[in-house]
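Source file: entry.cif; contents: mmCIF, C-alpha atoms.
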data_target
loop_
_atom_site.group_PDB
_atom_site.id
_atom_site.type_symbol
_atom_site.label_atom_id
_atom_site.label_comp_id
_atom_site.auth_asym_id
_atom_site.auth_seq_id
_atom_site.Cartn_x
_atom_site.Cartn_y
_atom_site.Cartn_z
ATOM 1 C CA MET A 45 -16.827 -20.815 23.175
ATOM 2 C CA PRO A 46 -20.146 -18.964 22.850
ATOM 3 C CA HIS A 47 -21.205 -17.773 19.417
ATOM 4 C CA LEU A 48 -20.561 -14.237 18.212
ATOM 5 C CA THR A 49 -22.211 -12.901 15.058
ATOM 6 C CA GLY A 50 -19.777 -10.046 14.477
ATOM 7 C CA ILE A 51 -19.121 -6.365 15.063
ATOM 8 C CA LEU A 52 -22.457 -4.526 15.268
ATOM 9 C CA GLU A 53 -21.529 -1.018 16.390
ATOM 10 C CA THR A 54 -18.450 1.089 15.714
ATOM 11 C CA SER A 55 -18.087 4.474 17.387
ATOM 12 C CA LEU A 56 -16.567 7.802 16.456
ATOM 13 C CA TYR A 57 -16.401 10.807 18.768
ATOM 14 C CA VAL A 58 -16.986 14.171 17.112
ATOM 15 C CA GLU A 59 -16.908 17.876 17.865
ATOM 16 C CA ASP A 60 -20.014 19.002 15.971
ATOM 17 C CA LEU A 61 -22.647 16.266 15.830
ATOM 18 C CA ASP A 62 -24.844 17.881 13.163
ATOM 19 C CA ARG A 63 -21.855 18.465 10.910
ATOM 20 C CA SER A 64 -20.737 14.844 11.230
ATOM 21 C CA VAL A 65 -24.207 13.420 10.667
ATOM 22 C CA ARG A 66 -24.523 15.513 7.497
ATOM 23 C CA PHE A 67 -21.088 14.328 6.370
ATOM 24 C CA TYR A 68 -21.825 10.611 6.774
ATOM 25 C CA GLN A 69 -25.295 10.998 5.288
ATOM 26 C CA ASN A 70 -24.069 12.995 2.286
ATOM 27 C CA VAL A 71 -20.854 11.154 1.497
ATOM 28 C CA PHE A 72 -21.901 7.596 2.395
ATOM 29 C CA THR A 73 -25.715 7.937 2.266
ATOM 30 C CA PHE A 74 -25.951 6.168 5.634
ATOM 31 C CA GLU A 75 -29.498 6.373 6.976
ATOM 32 C CA ARG A 76 -30.177 7.982 10.338
ATOM 33 C CA LEU A 77 -31.681 5.411 12.698
ATOM 34 C CA VAL A 78 -32.056 7.408 15.874
ATOM 35 C CA GLY A 79 -30.332 10.235 17.696
ATOM 36 C CA ASP A 80 -30.506 13.269 19.930
ATOM 37 C CA GLU A 81 -28.175 16.066 20.997
ATOM 38 C CA ARG A 82 -25.736 13.545 22.471
ATOM 39 C CA PHE A 83 -25.363 10.967 19.706
ATOM 40 C CA CYS A 84 -26.586 9.687 16.370
ATOM 41 C CA ALA A 85 -26.850 6.107 15.113
ATOM 42 C CA LEU A 86 -26.422 5.617 11.371
ATOM 43 C CA ARG A 87 -27.164 2.459 9.397
ATOM 44 C CA THR A 88 -24.265 1.442 7.169
ATOM 45 C CA THR A 89 -24.796 -0.427 3.926
ATOM 46 C CA ASP A 90 -23.916 -3.761 5.541
ATOM 47 C CA GLN A 91 -26.611 -3.349 8.196
ATOM 48 C CA ARG A 92 -24.146 -2.359 10.862
ATOM 49 C CA VAL A 93 -24.393 0.732 13.011
ATOM 50 C CA LEU A 94 -21.992 3.656 12.980
ATOM 51 C CA LEU A 95 -22.379 5.571 16.225
ATOM 52 C CA LEU A 96 -21.404 9.238 16.343
ATOM 53 C CA PHE A 97 -21.045 10.644 19.854
ATOM 54 C CA LYS A 98 -20.498 14.277 20.702
ATOM 55 C CA HIS A 99 -17.166 14.642 22.512
ATOM 56 C CA GLY A 100 -17.551 14.487 26.276
ATOM 57 C CA SER A 101 -21.280 13.817 26.249
ATOM 58 C CA SER A 102 -21.108 10.141 27.333
ATOM 59 C CA THR A 103 -18.705 10.403 30.249
ATOM 60 C CA LYS A 104 -21.443 9.729 32.766
ATOM 61 C CA PRO A 105 -23.636 6.607 33.015
ATOM 62 C CA MET A 106 -26.780 6.892 30.877
ATOM 63 C CA VAL A 107 -29.646 5.703 33.038
ATOM 64 C CA SER A 108 -32.868 4.535 31.361
ATOM 65 C CA SER A 109 -35.808 2.370 32.374
ATOM 66 C CA GLY A 110 -34.135 -0.608 30.688
ATOM 67 C CA GLY A 111 -30.812 -0.238 32.465
ATOM 68 C CA THR A 112 -27.655 1.834 32.450
ATOM 69 C CA ILE A 113 -25.188 2.364 29.623
ATOM 70 C CA PRO A 114 -21.743 2.787 31.218
ATOM 71 C CA PRO A 115 -19.570 5.793 30.402
ATOM 72 C CA HIS A 116 -17.241 5.965 27.398
ATOM 73 C CA ASP A 117 -15.555 8.677 25.356
ATOM 74 C CA GLY A 118 -12.793 9.063 22.850
ATOM 75 C CA GLY A 119 -10.367 11.576 21.446
ATOM 76 C CA GLY A 120 -7.904 11.774 18.619
ATOM 77 C CA GLN A 121 -8.210 10.949 14.954
ATOM 78 C CA LEU A 122 -9.404 7.363 14.760
ATOM 79 C CA HIS A 123 -9.074 5.074 11.773
ATOM 80 C CA LEU A 124 -12.016 3.398 10.035
ATOM 81 C CA ALA A 125 -11.974 1.503 6.738
ATOM 82 C CA PHE A 126 -14.850 0.805 4.378
ATOM 83 C CA ALA A 127 -14.791 -2.004 1.827
ATOM 84 C CA ILE A 128 -15.702 -1.083 -1.739
ATOM 85 C CA PRO A 129 -16.038 -3.406 -4.742
ATOM 86 C CA ALA A 130 -13.147 -3.809 -7.165
ATOM 87 C CA GLY A 131 -13.553 -1.356 -10.012
ATOM 88 C CA GLU A 132 -15.410 1.225 -7.910
ATOM 89 C CA LEU A 133 -12.325 3.208 -6.961
ATOM 90 C CA GLU A 134 -12.548 5.734 -9.812
ATOM 91 C CA THR A 135 -16.231 6.295 -9.177
ATOM 92 C CA TRP A 136 -15.427 6.960 -5.536
ATOM 93 C CA GLU A 137 -12.630 9.382 -6.493
ATOM 94 C CA ARG A 138 -15.062 11.416 -8.588
ATOM 95 C CA TRP A 139 -17.634 11.254 -5.778
ATOM 96 C CA LEU A 140 -15.133 12.542 -3.205
ATOM 97 C CA GLU A 141 -14.073 15.325 -5.587
ATOM 98 C CA ARG A 142 -17.725 16.291 -5.984
ATOM 99 C CA HIS A 143 -17.908 16.590 -2.197
ATOM 100 C CA GLN A 144 -14.676 18.619 -2.188
ATOM 101 C CA LEU A 145 -12.873 15.970 -0.162
ATOM 102 C CA ALA A 146 -9.146 15.748 -0.797
ATOM 103 C CA ILE A 147 -7.511 12.331 -1.121
ATOM 104 C CA GLU A 148 -4.636 12.446 1.351
ATOM 105 C CA SER A 149 -2.869 9.307 0.247
ATOM 106 C CA ARG A 150 -3.046 6.099 -1.767
ATOM 107 C CA VAL A 151 -1.719 2.622 -1.094
ATOM 108 C CA ARG A 152 -1.448 -0.382 -3.405
ATOM 109 C CA TRP A 153 -1.385 -3.595 -1.358
ATOM 110 C CA GLU A 154 0.714 -6.649 -2.136
ATOM 111 C CA ARG A 155 -2.415 -8.717 -2.739
ATOM 112 C CA GLY A 156 -3.587 -6.298 -5.449
ATOM 113 C CA GLY A 157 -6.079 -4.214 -3.512
ATOM 114 C CA GLU A 158 -5.972 -0.433 -3.481
ATOM 115 C CA SER A 159 -6.803 2.100 -0.796
ATOM 116 C CA ILE A 160 -7.490 5.788 -0.771
ATOM 117 C CA TYR A 161 -7.415 7.814 2.434
ATOM 118 C CA PHE A 162 -9.263 10.985 3.324
ATOM 119 C CA ARG A 163 -10.550 12.753 6.449
ATOM 120 C CA ASP A 164 -13.940 13.324 7.989
ATOM 121 C CA PRO A 165 -14.740 16.750 9.532
ATOM 122 C CA ASP A 166 -12.927 15.792 12.779
ATOM 123 C CA GLY A 167 -9.872 14.488 10.981
ATOM 124 C CA HIS A 168 -10.749 10.833 11.553
ATOM 125 C CA LEU A 169 -8.806 8.832 8.988
ATOM 126 C CA LEU A 170 -11.220 7.153 6.563
ATOM 127 C CA GLU A 171 -10.116 4.549 4.068
ATOM 128 C CA LEU A 172 -11.844 3.035 1.061
ATOM 129 C CA VAL A 173 -10.290 -0.268 0.090
ATOM 130 C CA THR A 174 -10.890 -2.706 -2.775
ATOM 131 C CA PRO A 175 -10.525 -6.489 -2.328
ATOM 132 C CA GLY A 176 -6.927 -7.711 -2.116
ATOM 133 C CA CYS A 177 -5.795 -6.115 1.117
ATOM 134 C CA TRP A 178 -6.053 -8.795 3.791
ATOM 135 C CA ALA A 179 -5.864 -12.584 3.490
ATOM 136 C CA ILE A 180 -9.627 -12.543 4.162
ATOM 137 C CA TYR A 181 -10.465 -9.638 1.836
ATOM 138 C CA MET B 153 -23.639 7.165 -5.539
ATOM 139 C CA PRO B 154 -20.755 4.678 -5.732
ATOM 140 C CA HIS B 155 -21.190 1.305 -4.085
ATOM 141 C CA LEU B 156 -19.902 0.579 -0.598
ATOM 142 C CA THR B 157 -19.775 -2.961 0.769
ATOM 143 C CA GLY B 158 -19.583 -2.010 4.440
ATOM 144 C CA ILE B 159 -17.287 -1.373 7.373
ATOM 145 C CA LEU B 160 -14.140 -3.472 6.960
ATOM 146 C CA GLU B 161 -11.816 -2.228 9.703
ATOM 147 C CA THR B 162 -12.551 -0.894 13.167
ATOM 148 C CA SER B 163 -9.697 0.407 15.309
ATOM 149 C CA LEU B 164 -8.901 0.480 18.992
ATOM 150 C CA TYR B 165 -5.841 2.164 20.501
ATOM 151 C CA VAL B 166 -4.214 0.326 23.388
ATOM 152 C CA GLU B 167 -1.467 0.726 25.982
ATOM 153 C CA ASP B 168 -0.016 -2.783 25.919
ATOM 154 C CA LEU B 169 -0.370 -4.416 22.520
ATOM 155 C CA ASP B 170 0.511 -7.967 23.608
ATOM 156 C CA ARG B 171 -1.956 -7.794 26.472
ATOM 157 C CA SER B 172 -4.752 -6.621 24.181
ATOM 158 C CA VAL B 173 -4.016 -9.188 21.493
ATOM 159 C CA ARG B 174 -4.157 -11.943 24.120
ATOM 160 C CA PHE B 175 -7.431 -10.519 25.445
ATOM 161 C CA TYR B 176 -9.185 -10.459 22.074
ATOM 162 C CA GLN B 177 -7.780 -13.849 21.115
ATOM 163 C CA ASN B 178 -8.756 -15.480 24.420
ATOM 164 C CA VAL B 179 -12.150 -13.889 24.991
ATOM 165 C CA PHE B 180 -13.375 -13.672 21.390
ATOM 166 C CA THR B 181 -11.086 -16.244 19.704
ATOM 167 C CA PHE B 182 -10.341 -13.723 16.955
ATOM 168 C CA GLU B 183 -7.513 -14.973 14.749
ATOM 169 C CA ARG B 184 -4.342 -12.945 14.346
ATOM 170 C CA LEU B 185 -3.932 -11.965 10.694
ATOM 171 C CA VAL B 186 -0.764 -9.894 10.825
ATOM 172 C CA GLY B 187 1.030 -7.571 13.199
ATOM 173 C CA ASP B 188 4.245 -6.156 14.555
ATOM 174 C CA GLU B 189 5.309 -4.004 17.519
ATOM 175 C CA ARG B 190 3.080 -1.167 16.301
ATOM 176 C CA PHE B 191 -0.217 -2.879 15.585
ATOM 177 C CA CYS B 192 -2.108 -6.139 15.238
ATOM 178 C CA ALA B 193 -4.925 -7.060 12.838
ATOM 179 C CA LEU B 194 -7.431 -9.612 14.097
ATOM 180 C CA ARG B 195 -10.080 -11.403 12.066
ATOM 181 C CA THR B 196 -13.512 -11.167 13.644
ATOM 182 C CA THR B 197 -16.112 -13.879 13.180
ATOM 183 C CA ASP B 198 -17.910 -11.875 10.484
ATOM 184 C CA GLN B 199 -14.742 -11.616 8.393
ATOM 185 C CA ARG B 200 -14.083 -8.051 9.417
ATOM 186 C CA VAL B 201 -10.839 -6.751 10.816
ATOM 187 C CA LEU B 202 -10.332 -5.418 14.319
ATOM 188 C CA LEU B 203 -7.185 -3.298 14.352
ATOM 189 C CA LEU B 204 -5.314 -2.810 17.610
ATOM 190 C CA PHE B 205 -2.779 0.023 17.539
ATOM 191 C CA LYS B 206 -0.298 0.800 20.273
ATOM 192 C CA HIS B 207 -0.989 4.308 21.602
ATOM 193 C CA GLY B 208 1.086 6.936 19.863
ATOM 194 C CA SER B 209 2.729 4.563 17.399
ATOM 195 C CA SER B 210 0.847 5.716 14.281
ATOM 196 C CA THR B 211 1.187 9.483 14.618
ATOM 197 C CA LYS B 212 3.619 9.695 11.716
ATOM 198 C CA PRO B 213 2.958 8.656 8.106
ATOM 199 C CA MET B 214 3.779 4.977 7.494
ATOM 200 C CA VAL B 215 5.748 4.871 4.255
ATOM 201 C CA SER B 216 5.926 1.596 2.321
ATOM 202 C CA SER B 217 6.699 0.589 -1.245
ATOM 203 C CA GLY B 218 2.977 0.567 -2.010
ATOM 204 C CA GLY B 219 2.285 4.047 -0.665
ATOM 205 C CA THR B 220 1.841 5.932 2.569
ATOM 206 C CA ILE B 221 -0.677 5.325 5.343
ATOM 207 C CA PRO B 222 -1.502 8.732 6.862
ATOM 208 C CA PRO B 223 -1.225 9.324 10.612
ATOM 209 C CA HIS B 224 -3.971 8.505 13.080
ATOM 210 C CA ASP B 225 -4.240 7.870 16.822
ATOM 211 C CA GLY B 226 -6.855 7.708 19.511
ATOM 212 C CA GLY B 227 -7.319 8.025 23.236
ATOM 213 C CA GLY B 228 -10.062 7.452 25.734
ATOM 214 C CA GLN B 229 -12.331 4.509 26.334
ATOM 215 C CA LEU B 230 -14.067 3.820 23.051
ATOM 216 C CA HIS B 231 -17.290 1.882 22.618
ATOM 217 C CA LEU B 232 -17.621 -1.221 20.460
ATOM 218 C CA ALA B 233 -20.589 -3.608 20.273
ATOM 219 C CA PHE B 234 -20.666 -7.213 19.138
ATOM 220 C CA ALA B 235 -23.836 -8.953 17.994
ATOM 221 C CA ILE B 236 -24.595 -12.323 19.575
ATOM 222 C CA PRO B 237 -27.461 -14.687 18.768
ATOM 223 C CA ALA B 238 -30.617 -14.667 20.878
ATOM 224 C CA GLY B 239 -30.280 -17.228 23.624
ATOM 225 C CA GLU B 240 -26.494 -16.974 23.822
ATOM 226 C CA LEU B 241 -26.449 -14.391 26.590
ATOM 227 C CA GLU B 242 -26.200 -16.855 29.481
ATOM 228 C CA THR B 243 -23.438 -18.774 27.746
ATOM 229 C CA TRP B 244 -21.559 -15.517 27.308
ATOM 230 C CA GLU B 245 -22.067 -14.601 30.952
ATOM 231 C CA ARG B 246 -20.502 -17.891 32.037
ATOM 232 C CA TRP B 247 -17.695 -17.388 29.515
ATOM 233 C CA LEU B 248 -16.924 -13.898 30.832
ATOM 234 C CA GLU B 249 -16.970 -15.202 34.402
ATOM 235 C CA ARG B 250 -14.506 -17.912 33.388
ATOM 236 C CA HIS B 251 -12.239 -15.155 32.082
ATOM 237 C CA GLN B 252 -12.739 -13.191 35.311
ATOM 238 C CA LEU B 253 -14.390 -10.317 33.472
ATOM 239 C CA ALA B 254 -16.957 -8.406 35.480
ATOM 240 C CA ILE B 255 -20.236 -7.395 33.857
ATOM 241 C CA GLU B 256 -20.471 -3.664 34.504
ATOM 242 C CA SER B 257 -24.073 -3.190 33.456
ATOM 243 C CA ARG B 258 -27.088 -4.649 31.670
ATOM 244 C CA VAL B 259 -29.708 -3.058 29.454
ATOM 245 C CA ARG B 260 -33.004 -4.458 28.191
ATOM 246 C CA TRP B 261 -34.021 -2.665 24.982
ATOM 247 C CA GLU B 262 -37.563 -1.734 24.049
ATOM 248 C CA ARG B 263 -37.459 -4.080 21.059
ATOM 249 C CA GLY B 264 -36.674 -7.046 23.321
ATOM 250 C CA GLY B 265 -32.915 -7.300 22.869
ATOM 251 C CA GLU B 266 -30.532 -7.425 25.817
ATOM 252 C CA SER B 267 -27.032 -6.062 26.288
ATOM 253 C CA ILE B 268 -24.273 -6.714 28.747
ATOM 254 C CA TYR B 269 -21.333 -4.345 29.108
ATOM 255 C CA PHE B 270 -17.788 -5.040 30.237
ATOM 256 C CA ARG B 271 -14.308 -3.588 29.729
ATOM 257 C CA ASP B 272 -11.238 -4.627 27.795
ATOM 258 C CA PRO B 273 -7.779 -4.168 29.411
ATOM 259 C CA ASP B 274 -7.710 -0.471 28.397
ATOM 260 C CA GLY B 275 -11.196 0.203 29.670
ATOM 261 C CA HIS B 276 -12.759 0.295 26.219
ATOM 262 C CA LEU B 277 -16.477 -0.296 26.675
ATOM 263 C CA LEU B 278 -17.463 -3.586 25.058
ATOM 264 C CA GLU B 279 -21.070 -4.632 24.590
ATOM 265 C CA LEU B 280 -22.639 -7.954 23.672
ATOM 266 C CA VAL B 281 -26.147 -7.485 22.320
ATOM 267 C CA THR B 282 -28.864 -9.908 21.247
ATOM 268 C CA PRO B 283 -31.275 -9.111 18.370
ATOM 269 C CA GLY B 284 -33.948 -6.570 19.249
ATOM 270 C CA CYS B 285 -31.883 -3.470 19.823
ATOM 271 C CA TRP B 286 -32.058 -1.430 16.619
ATOM 272 C CA ALA B 287 -34.755 -1.316 13.942
ATOM 273 C CA ILE B 288 -32.270 -3.209 11.757
ATOM 274 C CA TYR B 289 -31.140 -5.702 14.416
#

Can you give me the file's structure in the form of structure tokens?
Amino acid sequence: MPHLTGILETSLYVEDLDRSVRFYQNVFTFERLVGDERFCALRTTDQRVLLLFKHGSSTKPMVSSGGTIPPHDGGGQLHLAFAIPAGELETWERWLERHQLAIESRVRWERGGESIYFRDPDGHLLELVTPGCWAIY
Amino acid sequence: MPHLTGILETSLYVEDLDRSVRFYQNVFTFERLVGDERFCALRTTDQRVLLLFKHGSSTKPMVSSGGTIPPHDGGGQLHLAFAIPAGELETWERWLERHQLAIESRVRWERGGESIYFRDPDGHLLELVTPGCWAIY
């Protein structure tokens, strides 16, 4: 079994790229790494990469001098969860209110963790969750 | 700005849940955390959670004693990248061949990293990438 470090890039597909970049920069303060009219790569706080692709803009192979990135695309309202430290939930609630983001739902997990759910501009389902959700978190 | 630990859960939406669970268990040896006929949660090697949802099975709110998980769903062939250590690329190539998975494309990045691309059973675009791709990796 070859070694795998972990998930490096997670993708969301969005209608208005500028709007989504602003959203993830403003709400999560993710830093813009690189981007163009087709996509934007944002650095998350755990040194991973959140990729935002404009709907329908990656359905053809992307040819470059280094090789070809095969086509991909996505629709719907995907789900993505972010881990937050225990005790940060109230701070996040105030932060979301400040950004006029409505909390759509809350869940208290059997292991003691808590989640709040809200939407990004495309309706992707975002979750903030404190430790005590999974056996590993 | 409230603190955020990082991305905890990444989701893929699949046609045949059993088939996809087997794929991610066999190819990546991700451990099954929990699941049912609707979804499966797998532990990745970096202690994150890869969520596999059966297409169309999460379009209604999921009510439980702890609260309600709002609806979400996705279509298309999403992109997901996994980090692998430098020097592990050949081992991965042999591993993929052993699992009869065709490498669809290769890219050499300006920073020296290399990627190989292949597909999961739903055609989601998976990438294995060595360090030297992003400014942060």

I would like the residues chosen by the PyMOL selection byres ((chain B) within 7 of (chain A)) on the shown file; could you give them as number ranges by chain?
-> B: 154-163, 196-199, 218-222, 224-237, 240, 243-244, 257-261, 277, 288

Expected residue set, 9 Å radius at (-6.4, -5.1, 22.3), all atoms listed in the file, as a VMD selection string = chain B and resid 164 to 177 192 202 to 206 272 to 274

Box along x, y and z, 6 Å on every side, all listed atoms of range 138-146 of chain A inside: centre and edge lengths in Å to one decimal, as AutoDock Vina command-line options.
--center_x -13.5 --center_y 14.9 --center_z -4.4 --size_x 20.8 --size_y 19.4 --size_z 20.4

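Across the structure, CA of Gly284 in chain B and CA of Arg263 in chain B are spaced 4.7 Å apart.
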
Provide the CA of Ala146 in chain A to CA of Pro175 in chain A distance in Å, to one decimal place.
-> 22.3 Å

Please, what distance in Å, to one decimal, runs between CA of Gly265 in chain B and CA of Cys285 in chain B?
->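 Interatomic distance, CA of Gly265 in chain B to CA of Cys285 in chain B: 5.0 Å.
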